[in-house]
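Undergrad: So that we are looking at the same thing, I have put the structure below in structure tokens.
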Amino acid sequence: MMDKLKLGVFELTDCGGCALNMLFLYERLFDLLEFYEITEFHMATSLREGNHYDVALVTGTVSTQRDLNLLKEARNHSDYLIALGTCATHGSVQASVELPIREKLKAVYGDEGNPMRALDSKPVVEYVAVDFALPGCPYDKNEVYQVLLDIAKGIEPVKKDYPVCLECKLNEYECVLVKKGLPCLGPITYGGCNAVCVRSGLGCIGCRGPLPGEVNPAGEYEVLRELGYDDEYIIRKFKTFARWEP
Amino acid sequence: MIIETREFTRVEGNGKAEIVIEDGEVKDVRLKIIEGPRFFELLTLGRHYYDVPDLEARICAICYLSHSVASVLGIERAFGVEVPEEIQLIRELGLIGEFLESHSLHLYLLVAPDLFGYPDAIRMATKHGELVKEGLALKSFGNRIRVMVGGREIHGINVKPGGFGRWPLPEELEAVEREADGLLTIARRSVRLFSEIGPYGGKAELFVATDGYLTGESLISNIEKNFHYTERIEERPLVYSFAKQSLYNGRPFLVGSLARLLLKGDSLTPLARRLFEEHREKLETGYVSYNNLAQAIELVYSLERAKEIAKTLLDGGIERENVPVEAREGEGIGYVEAPRGVLIHHYRIDGNGSISYSNIITPTALNHAMMERALLWEARELYGEVPEEEMLGRLEETVRAFDPCISCSVHFAKL
Ligand code: SF4
Ligand code: SF4
């Protein structure tokens, strides 16, 4: 049998969801282990034997100097690096707090020092080149499973490039934007979650980040304005998971 | 001299500890939470209340639903909204799903490898595959409940002020009733297995919990009934940690499974209650390591209670009606028992429905001072008695017994 690929999971500052979601693969995690050997994954194992990774998964935002060092180490020692989850690809919720770090620290910890070297939260993609970006807060676990299988088989994984809306249509969910007037970001958000929130009859809050390209954020903006939402509300909604997006 | 542990493994989030040695003796231990701050209160400030529970869910993946529910309760109390029993029961069912998911993650995937001498559950599975499978079965059942109530396995947005986006279907509740029953044997076995863990980590003397088993109007402890956190619990920032420390009347205290059993053991379901009585003497010693056993007993409780709730809802028939919520100026606190213990969401909301003040205290933050004390106790027992490597391993196990959720702990603001 061929040698297994070495897999590392690195967690920067985040909610733990993107690392945890790997464990939610259950038995399928063991299927992946036919191809991979996990050599770094501190949530799941006490072993630390990696110094080279064929594939590195990095979750979370860079929010401290420690995060930045860890990210660079992961990048320098891996062949294929995946920014995993919206924290890593777009910054997610913690990056959307728009105050300079010193002011934020002051509001929370009450003094002006920064002894532990906190940084303004930014996504992984701001600091290093990544080989693949898989958004989602958290990402869809079927998607990461497929991506890891593809890589193991030497196939370049495919990036989803359609909005959540399309998945609503495929599932024949009633459009909550048109029918209920709920603020739904489905038209301008990366698909891949199978429109799971619309299944609950609720509007997409944009957790997979804004879809670039063909989509029309200005149009979405107008629709929400017509539904009676004010500017500030709409802008904050747009920026919740991706402050750093142009 | 300072001995530093490596970053903890098999815990959620990033942390480590420093042991300060002076004149050949352990002088102090510092628990350093090095996970970056995430500023959730700043994030929610000025935002419309309706969107807030979905954002707060992102504080923690392992217990996102506890955050959603605590947030919703805080908002509803601020507006003076009362929801009927069926909504309360469905929320409780969701929280129970979270107990099952979280406790089984901790016990089977994070702690069991220590019992059998493996670095992780994956490598343990070659010899103890059945056991790992049993843990995963409990975990996935818990997650199915989270999907049903919360909308997704992680960070669902279905729990809303006044009710739900989507309500559970009768056939889903029937499945819960059926499967909960089937899993009870596994949970009983887990009590036997985790009762083998011995005493370590020192004794806790003060315990705090909410007044109901899973949610509450106020807090209780072993020295007083019904108080608000604002009256008794004081938080202080530390220079070496992104998490603050909380003290109750100036002293460290314990929240979580062990505290819940000791304070509310009387309200357990029948089988869980019997198991609690069986191990009561041991649990009452207050050793931190018995938190593992307490969690195993709560697995049994969760399954029995899930079945009870599903049955009640099915027998009564569900109305499926959300309570209308109207924003008005107000202040409210939501108390929930997250799997790791008391979780507090406190909001002030203005007349337009925007958040004007928020304070969140998580179980791991509440336990922070107690964790340091447990580490100090353990380090004093072991330093000089066993090789350093062994001591550090034991300290990591002591931290693990708290089942800390470090991501959770790093973002609270008094504004
Ligand atoms: S992307 Fe979302 S789920 Fe993933 S780590 Fe960040 S906050 Fe958690
Ligand atoms: S519907 Fe939107 S908010 Fe929900 S999971 Fe998909 S992208 Fe995220």
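Chain identifiers are assigned as A, B, and so on, following the order in which chains appear in the structure tokens; residues are numbered from 1 within each chain, and ligands are numbered from 1 in order of appearance.
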Would you mind listing what lies within 6 Å of Gly46 of chain B as an MDAnalysis selection string, with only C-alpha atoms counted and same-chain residues fewer than 5 positions away left out?

TA: chainID B and resid 354:356

Undergrad: Among segment 54-243 of chain B, which ones does DSSP assign to strand (DSSP E or B) (computed from the backbone)? Answer as a list in words.

TA: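 So, restricting segment 54-243 of chain B to strand (DSSP E or B), we get Asp120, Val159, Lys160, Gly163, Phe164, Lys203, Phe207, Val208, Ala209, Thr210, Thr215, Gly216, Leu219, Ile220, Ser221, Phe227, Ile233, Glu234, Glu235, Arg236, Pro237, Leu238, Ser241, Phe242 and Ala243 of chain B.
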
Undergrad: Would you save the residues from that selection as a compact mmCIF listing (two decimals), in the first residue's frame, using N, CA, C and O atoms?

TA:
```txt
# COMPACT_ATOMS: atom_id res chain seq x y z
N ASP B 120 -4.89 9.29 21.46
CA ASP B 120 -6.17 9.79 20.94
C ASP B 120 -7.14 8.64 20.67
O ASP B 120 -6.76 7.47 20.69
N VAL B 159 -33.46 28.72 16.67
CA VAL B 159 -34.02 29.14 17.96
C VAL B 159 -34.10 30.66 17.99
O VAL B 159 -33.08 31.34 17.87
N LYS B 160 -35.31 31.18 18.09
CA LYS B 160 -35.53 32.61 17.95
C LYS B 160 -36.31 33.15 19.15
O LYS B 160 -37.04 32.40 19.79
N GLY B 163 -39.95 31.77 19.73
CA GLY B 163 -40.23 30.43 19.20
C GLY B 163 -39.18 29.92 18.24
O GLY B 163 -37.99 30.06 18.47
N PHE B 164 -39.65 29.34 17.13
CA PHE B 164 -38.72 28.67 16.20
C PHE B 164 -39.04 29.05 14.76
O PHE B 164 -40.16 29.39 14.44
N LYS B 203 -10.03 19.28 45.93
CA LYS B 203 -11.46 19.31 46.24
C LYS B 203 -12.03 20.70 46.03
O LYS B 203 -11.48 21.67 46.53
N PHE B 207 -19.95 25.38 45.08
CA PHE B 207 -20.56 24.96 43.82
C PHE B 207 -21.67 25.92 43.44
O PHE B 207 -22.43 26.36 44.30
N VAL B 208 -21.75 26.24 42.15
CA VAL B 208 -22.80 27.16 41.69
C VAL B 208 -23.53 26.53 40.51
O VAL B 208 -22.91 25.89 39.66
N ALA B 209 -24.86 26.72 40.47
CA ALA B 209 -25.66 26.22 39.35
C ALA B 209 -26.87 27.14 39.17
O ALA B 209 -27.08 28.05 39.97
N THR B 210 -27.66 26.89 38.12
CA THR B 210 -28.91 27.63 37.94
C THR B 210 -29.99 26.98 38.79
O THR B 210 -29.87 25.81 39.15
N THR B 215 -32.26 25.44 32.84
CA THR B 215 -32.32 26.89 32.70
C THR B 215 -32.74 27.44 34.05
O THR B 215 -33.11 26.68 34.93
N GLY B 216 -32.68 28.76 34.21
CA GLY B 216 -33.06 29.27 35.52
C GLY B 216 -33.46 30.73 35.52
O GLY B 216 -33.21 31.46 34.57
N LEU B 219 -29.45 32.09 40.24
CA LEU B 219 -28.42 31.11 40.56
C LEU B 219 -28.60 30.58 41.98
O LEU B 219 -29.22 31.23 42.82
N ILE B 220 -28.06 29.39 42.21
CA ILE B 220 -28.03 28.82 43.56
C ILE B 220 -26.61 28.32 43.85
O ILE B 220 -25.82 28.12 42.93
N SER B 221 -26.32 28.12 45.14
CA SER B 221 -25.03 27.53 45.48
C SER B 221 -25.22 26.68 46.72
O SER B 221 -26.33 26.60 47.25
N PHE B 227 -29.78 33.95 43.88
CA PHE B 227 -29.14 35.25 43.79
C PHE B 227 -28.81 35.51 42.32
O PHE B 227 -28.83 34.59 41.50
N ILE B 233 -20.91 37.67 42.01
CA ILE B 233 -19.76 37.20 41.23
C ILE B 233 -18.99 38.38 40.66
O ILE B 233 -19.56 39.27 40.03
N GLU B 234 -17.72 38.35 40.93
CA GLU B 234 -16.89 39.46 40.51
C GLU B 234 -15.86 38.96 39.50
O GLU B 234 -15.21 37.93 39.71
N GLU B 235 -15.72 39.71 38.40
CA GLU B 235 -14.74 39.30 37.38
C GLU B 235 -13.53 40.20 37.45
O GLU B 235 -13.67 41.41 37.64
N ARG B 236 -12.36 39.61 37.24
CA ARG B 236 -11.19 40.47 37.16
C ARG B 236 -10.27 40.04 36.02
O ARG B 236 -10.09 38.84 35.77
N PRO B 237 -9.73 41.02 35.32
CA PRO B 237 -8.83 40.70 34.21
C PRO B 237 -7.45 40.31 34.74
O PRO B 237 -7.07 40.69 35.84
N LEU B 238 -6.72 39.53 33.96
CA LEU B 238 -5.38 39.09 34.35
C LEU B 238 -4.41 39.51 33.26
O LEU B 238 -4.77 39.58 32.11
N SER B 241 -3.62 36.30 30.68
CA SER B 241 -4.65 35.46 30.09
C SER B 241 -5.69 36.32 29.39
O SER B 241 -6.05 37.39 29.87
N PHE B 242 -6.19 35.83 28.27
CA PHE B 242 -7.28 36.53 27.60
C PHE B 242 -8.63 36.26 28.25
O PHE B 242 -9.63 36.84 27.87
N ALA B 243 -8.68 35.30 29.16
CA ALA B 243 -9.93 35.07 29.89
C ALA B 243 -9.83 35.73 31.25
O ALA B 243 -8.78 35.71 31.88
```

Undergrad: Between atom CA of Tyr26 of chain A and atom CA of Lys141 of chain A, what is the distance, to one decimal in Å?

TA: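 Going from atom CA of Tyr26 of chain A over to atom CA of Lys141 of chain A covers 10.5 Å.
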
Undergrad: Restrict the distance test to only C-alpha atoms, flag each residue of chain B within 7 Å of chain A, and return the flagged residues as a VMD selection string.

TA: chain B and resid 9 to 13 35 to 36 38 to 39 42 to 43 58 to 61 110 119 to 120 136 151 154 157 to 158 165 to 166 237 239 to 240 407 412 to 415

Undergrad: Could you save the residues just selected, with N, CA, C and O atoms, as a short mmCIF file (atom, residue, chain, number, x, y, z; two decimals), in the first residue's frame?

TA:
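Now in result.cif:
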```
data_model
loop_
_atom_site.label_atom_id
_atom_site.label_comp_id
_atom_site.auth_asym_id
_atom_site.auth_seq_id
_atom_site.Cartn_x
_atom_site.Cartn_y
_atom_site.Cartn_z
N THR B 9 -3.62 19.59 24.89
CA THR B 9 -4.26 18.86 23.80
C THR B 9 -5.53 18.22 24.32
O THR B 9 -5.76 18.13 25.53
N ARG B 10 -6.33 17.77 23.40
CA ARG B 10 -7.63 17.18 23.70
C ARG B 10 -8.46 18.07 24.63
O ARG B 10 -9.11 17.60 25.56
N VAL B 11 -8.37 19.35 24.39
CA VAL B 11 -9.32 20.29 24.98
C VAL B 11 -9.72 21.23 23.86
O VAL B 11 -9.04 21.31 22.83
N GLU B 12 -10.81 21.96 24.06
CA GLU B 12 -11.28 22.87 23.04
C GLU B 12 -10.54 24.20 23.22
O GLU B 12 -10.57 24.78 24.30
N GLY B 13 -9.87 24.68 22.20
CA GLY B 13 -9.21 25.98 22.26
C GLY B 13 -7.76 25.89 22.70
O GLY B 13 -7.22 24.81 22.94
N GLU B 35 -5.74 31.75 23.57
CA GLU B 35 -6.66 31.96 22.44
C GLU B 35 -6.93 33.45 22.33
O GLU B 35 -7.12 34.12 23.33
N GLY B 36 -6.93 33.98 21.12
CA GLY B 36 -7.13 35.42 20.95
C GLY B 36 -8.52 35.86 21.39
O GLY B 36 -9.45 35.07 21.41
N ARG B 38 -12.22 37.59 21.22
CA ARG B 38 -13.14 37.59 20.08
C ARG B 38 -14.23 38.66 20.19
O ARG B 38 -15.05 38.79 19.30
N PHE B 39 -14.27 39.39 21.27
CA PHE B 39 -15.05 40.64 21.34
C PHE B 39 -16.53 40.50 20.99
O PHE B 39 -17.09 41.32 20.27
N LEU B 42 -18.87 43.48 21.84
CA LEU B 42 -18.74 44.61 20.93
C LEU B 42 -19.43 44.30 19.61
O LEU B 42 -20.03 45.17 18.98
N LEU B 43 -19.35 43.06 19.23
CA LEU B 43 -19.97 42.63 17.97
C LEU B 43 -21.48 42.83 18.00
O LEU B 43 -22.10 43.21 17.01
N ARG B 58 -22.05 31.72 17.61
CA ARG B 58 -20.67 31.57 17.12
C ARG B 58 -19.62 31.67 18.22
O ARG B 58 -18.43 31.53 17.95
N ILE B 59 -20.02 31.97 19.44
CA ILE B 59 -19.05 31.99 20.52
C ILE B 59 -18.42 30.61 20.66
O ILE B 59 -17.23 30.48 20.88
N CYS B 60 -19.25 29.57 20.53
CA CYS B 60 -18.74 28.23 20.76
C CYS B 60 -19.45 27.21 19.91
O CYS B 60 -20.68 27.22 19.83
N ALA B 61 -18.71 26.31 19.30
CA ALA B 61 -19.32 25.31 18.44
C ALA B 61 -19.86 24.13 19.22
O ALA B 61 -20.87 23.54 18.87
N LEU B 110 -11.99 12.55 24.25
CA LEU B 110 -10.92 13.32 24.88
C LEU B 110 -10.36 12.64 26.13
O LEU B 110 -9.17 12.65 26.37
N PRO B 119 -2.77 8.09 22.74
CA PRO B 119 -2.72 9.54 22.53
C PRO B 119 -4.04 10.12 22.02
O PRO B 119 -4.29 11.31 22.12
N ASP B 120 -4.89 9.29 21.46
CA ASP B 120 -6.17 9.79 20.94
C ASP B 120 -7.14 8.64 20.67
O ASP B 120 -6.76 7.47 20.69
N LEU B 136 -19.52 7.53 19.69
CA LEU B 136 -19.98 8.24 18.49
C LEU B 136 -21.49 8.11 18.30
O LEU B 136 -22.15 9.03 17.83
N GLY B 151 -31.54 23.58 14.00
CA GLY B 151 -31.48 23.82 12.56
C GLY B 151 -30.25 23.26 11.88
O GLY B 151 -30.27 22.97 10.69
N ILE B 154 -24.01 22.51 13.85
CA ILE B 154 -23.25 23.60 14.46
C ILE B 154 -23.82 24.93 13.96
O ILE B 154 -24.08 25.07 12.77
N ILE B 157 -29.66 28.46 13.23
CA ILE B 157 -30.29 29.74 13.55
C ILE B 157 -31.78 29.58 13.82
O ILE B 157 -32.56 30.53 13.73
N ASN B 158 -32.19 28.37 14.19
CA ASN B 158 -33.62 28.08 14.30
C ASN B 158 -34.26 28.54 15.61
O ASN B 158 -35.47 28.72 15.68
N GLY B 165 -38.03 28.95 13.91
CA GLY B 165 -38.28 29.05 12.49
C GLY B 165 -39.06 27.83 12.03
O GLY B 165 -40.16 27.91 11.50
N ARG B 166 -38.48 26.69 12.32
CA ARG B 166 -39.11 25.43 11.95
C ARG B 166 -39.35 24.62 13.22
O ARG B 166 -38.49 24.53 14.08
N PRO B 237 -9.73 41.02 35.32
CA PRO B 237 -8.83 40.70 34.21
C PRO B 237 -7.45 40.31 34.74
O PRO B 237 -7.07 40.69 35.84
N VAL B 239 -3.16 39.75 33.64
CA VAL B 239 -2.21 40.16 32.60
C VAL B 239 -1.76 39.00 31.73
O VAL B 239 -1.30 39.18 30.62
N TYR B 240 -1.90 37.77 32.23
CA TYR B 240 -1.34 36.64 31.50
C TYR B 240 -2.38 35.80 30.78
O TYR B 240 -2.10 34.70 30.33
N SER B 407 -12.28 28.58 23.75
CA SER B 407 -12.80 29.57 22.80
C SER B 407 -13.88 30.41 23.44
O SER B 407 -14.02 31.61 23.22
N PHE B 412 -15.46 38.52 27.03
CA PHE B 412 -16.58 39.19 27.69
C PHE B 412 -16.18 40.61 28.04
O PHE B 412 -15.04 40.90 28.37
N ALA B 413 -17.14 41.47 27.94
CA ALA B 413 -16.85 42.88 28.18
C ALA B 413 -17.85 43.44 29.16
O ALA B 413 -19.01 43.09 29.16
N LYS B 414 -17.38 44.30 30.03
CA LYS B 414 -18.29 45.14 30.81
C LYS B 414 -18.25 46.49 30.12
O LYS B 414 -17.21 47.10 30.03
N LEU B 415 -19.36 46.93 29.61
CA LEU B 415 -19.32 48.17 28.83
C LEU B 415 -20.14 49.27 29.49
O LEU B 415 -21.08 48.99 30.18
#
```

Undergrad: With DSSP run on the backbone, what are the alpha helix (DSSP H) residues within segment 170-233 of chain A? I'd like them as a PyMOL selection string.

TA: chain A and resi 170-171+176-180+196-199+217-226+231-233

Undergrad: Would you kindly return, as a list in words, each protein, DNA or RNA residue with an atom no farther than 10 Å from any atom of Arg208 of chain A, considering only C-alpha atoms and excluding same-chain residues fewer than 6 positions away?

TA: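 Returned residues: Gly85, Thr86, Cys87, Thr89, His90, Ser92, Leu134, Pro135, Gly136, Cys137, Pro138, Tyr139, Asp140, Pro163, Val164, Gly186, Ile188, Thr189, Tyr190, Gly191, Gly192, Cys193, Phe241 and Ala242 of chain A.
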
Undergrad: Can you write just those residues out, C-alpha atoms, as a short mmCIF file (atom, residue, chain, number, x, y, z; two decimals), in the first residue's frame?

TA:
```cif
data_model
loop_
_atom_site.label_atom_id
_atom_site.label_comp_id
_atom_site.auth_asym_id
_atom_site.auth_seq_id
_atom_site.Cartn_x
_atom_site.Cartn_y
_atom_site.Cartn_z
CA GLY A 85 -14.11 27.86 7.32
CA THR A 86 -15.25 31.45 7.04
CA CYS A 87 -12.89 32.63 9.80
CA THR A 89 -11.37 32.59 4.34
CA HIS A 90 -13.19 35.84 5.17
CA SER A 92 -16.09 35.68 10.08
CA LEU A 134 -13.36 26.36 1.75
CA PRO A 135 -15.76 28.79 3.43
CA GLY A 136 -18.66 28.12 5.79
CA CYS A 137 -19.35 28.92 9.40
CA PRO A 138 -18.88 26.07 9.73
CA TYR A 139 -18.20 24.57 6.29
CA ASP A 140 -20.36 21.71 5.12
CA PRO A 163 -25.25 31.33 -4.67
CA VAL A 164 -27.30 29.72 -1.91
CA GLY A 186 -28.96 33.82 -0.15
CA ILE A 188 -25.18 36.97 -2.72
CA THR A 189 -23.73 34.18 -0.55
CA TYR A 190 -21.52 31.24 -1.56
CA GLY A 191 -23.62 28.11 -1.95
CA GLY A 192 -22.56 24.73 -0.63
CA CYS A 193 -24.60 24.44 2.56
CA PHE A 241 -18.98 37.48 8.14
CA ALA A 242 -16.67 39.39 5.84
#
```

Undergrad: Any idea what's packed within 10 Å of segment 370-383 of chain B, counting only C-alpha atoms, ignoring anything in its chain fewer than 4 positions away? Could you give it as a count of residues only?

TA: 50

Undergrad: Using only C-alpha atoms, which protein or nucleic acid residues come within 12 Å of Gly154 of chain A? Drop anything in the same chain fewer than 5 positions from it, and give the result as a list of chain:residue names.

TA: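 The filter keeps A:Leu5, A:Phe35, A:Asp54, A:Tyr80, A:Val147, A:Leu148, A:Leu149.
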
Undergrad: Taking C-alpha atoms for each residue, export the selection above as a compact mmCIF listing (two decimals), in the first residue's frame.

TA:
```
# COMPACT_ATOMS: atom_id res chain seq x y z
CA LEU A 5 -0.53 11.45 3.32
CA PHE A 35 -5.59 7.86 2.89
CA ASP A 54 1.12 16.90 2.76
CA TYR A 80 -1.15 21.91 0.19
CA VAL A 147 -12.07 17.87 -1.05
CA LEU A 148 -9.77 15.64 1.01
CA LEU A 149 -10.66 12.61 -1.09
```

Undergrad: Could you check which of B:Leu109, B:Ile75, B:Ile62, B:Leu193 is closest to Ile349 of chain B, using only C-alpha atoms?

TA: B:Ile75

Undergrad: If we count only C-alpha atoms and set the cut-off at 8 Å, which residues sit around segment 263-278 of chain B, ignoring sequence neighbours fewer than 2 positions away in its own chain? Please answer as a list in words.

TA: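 Counting only the stated atoms, we get Phe207, Val208, Ala209, Tyr213, Ser221, Asn222, Ala259, Arg260, Leu261, Arg280, Glu281, Ile297, Glu298, Val300, Tyr301, Glu304 and Arg305 of chain B.
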
Undergrad: Let me make sure I understand: among A:Val178, A:Leu70, A:Asp161, A:Val124, which one has the smallest atom-to-atom distance to Gly213 of chain A if we use only C-alpha atoms?

TA: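 Ranked by minimum distance to Gly213 of chain A, first place goes to A:Asp161.
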